[in-house]
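Worksheet for the structure shown next.
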Amino acid sequence: MVAVTDPESEFARAVWLIVGSIPPGRVCAYGRVAALAGYPRHARHVGKLMGRLPAGSSLPWFRVVRADGHLPVGARQQQHLEREGIQITGGRVSLRHYGWPDPGNL
DNA sequence: GCTCTGACGAAGT
DNA sequence: AACTTCGCCAGAG
């Protein structure tokens with residue numbers, strides 16, 4: 001039995017696949033990624049996996065944000081997002097950038 | 001086993 | 001609109 005937080009787990013594979021397919025200019029919540037991966041209510045484990053990513057990873061981890069749009073104070077994540085045209089005001093991502101993979105369910 | 005913790009989330013105040 | 005509480009699931013001690 002491989003733990004879901006293990007990089008070799010199906011959960012981890014699914015999460016990476018999903019995160020890697022988030023297009024520039026869009027963001028996705030942890031909980032949403034978990035649900036898409038087939039594991040609802042596992043938002044925190046997505047976070048745990050992001051934390052384990054190697055420094056040189058090509059995965060756009062910075063496009064995964066909290067559901068309420070709030071970012072950690074002083075996060076370099078903010079610079080990456082703004083560079084892609086994602087608007088950040090008052091330390092949180094504008095909700096209009098959500099809606100991946102279905103822009104219609106905002 | 002039990003408690004604490006966490007790149008979280010939703011509901012209540 | 002800011003803050004608190006509670007629910008969530010696994011891993012660590």
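Please note that chains go A, B, ... in the order of the structure tokens, that every chain numbers its residues from 1, and that ligands are numbered from 1 in the order shown.
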
Counting only C-alpha atoms (C1' of nucleotides), give me one row per residue of chain C with an atom at most 10 Å from an atom of chain B, showing the shortest contact pair and its distance in Å to one decimal, sorted by chain then residue number, as JSON lines.
{"residue": "C:DC3", "atom": "C1'", "partner": "B:DT13", "partner_atom": "C1'", "distance": 8.6}
{"residue": "C:DT4", "atom": "C1'", "partner": "B:DT13", "partner_atom": "C1'", "distance": 7.8}
{"residue": "C:DT5", "atom": "C1'", "partner": "B:DG12", "partner_atom": "C1'", "distance": 7.8}
{"residue": "C:DC6", "atom": "C1'", "partner": "B:DA11", "partner_atom": "C1'", "distance": 8.7}
{"residue": "C:DG7", "atom": "C1'", "partner": "B:DA10", "partner_atom": "C1'", "distance": 8.8}
{"residue": "C:DC8", "atom": "C1'", "partner": "B:DG9", "partner_atom": "C1'", "distance": 8.7}
{"residue": "C:DG11", "atom": "C1'", "partner": "B:DT5", "partner_atom": "C1'", "distance": 9.3}
{"residue": "C:DA12", "atom": "C1'", "partner": "B:DT5", "partner_atom": "C1'", "distance": 8.8}
{"residue": "C:DG13", "atom": "C1'", "partner": "B:DC4", "partner_atom": "C1'", "distance": 8.9}

**Prompt:** If you run DSSP on the backbone, which residues of chain A are strand (DSSP E or B), as number ranges by chain?
**Reply:** A: 28-29, 64-65, 70, 88-89, 92-93

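Atom to atom, CA of Gly38 (chain A) and CA of Pro101 (chain A) stand 14.5 Å apart.
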
**Item:** Check: which chain A residues lie within 10 Å of chain C using only C-alpha atoms (C1' of nucleotides), as a PyMOL selection string
**Value:** chain A and resi 3-5+40-45

**Request:** Could the residues of chain A within 7 Å of chain B, counting only C-alpha atoms (C1' of nucleotides), be given as a VMD selection string, please?
**Result:** chain A and resid 30 to 31 43 to 44 47 to 48 50 to 51

**Gap from CA of Gly20 (chain A) to CA of Arg52 (chain A) - Å, one decimal** = 15.3 Å

**Message:** If you run DSSP on the backbone here, which positions in chain A get helix (DSSP H, G or I)? Please write them as a PyMOL selection string.
**Reply:** chain A and resi 10-20+30-36+43-52+61-63+77-83+95-97+103-105

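Using only C-alpha atoms for every distance, the candidate list A:Val27, A:Val64, A:Leu59, A:Leu49 yields A:Val27 as the residue closest to Gln87 (chain A).
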
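The nearest approach to Gly91 (chain A) among the residues A:Val73, A:Gln79, A:Ala34, A:Ala67, with only C-alpha atoms taken into account, belongs to A:Val73.
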
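CA of Ser94 (chain A) is positioned 9.3 Å from CA of Asp68 (chain A).
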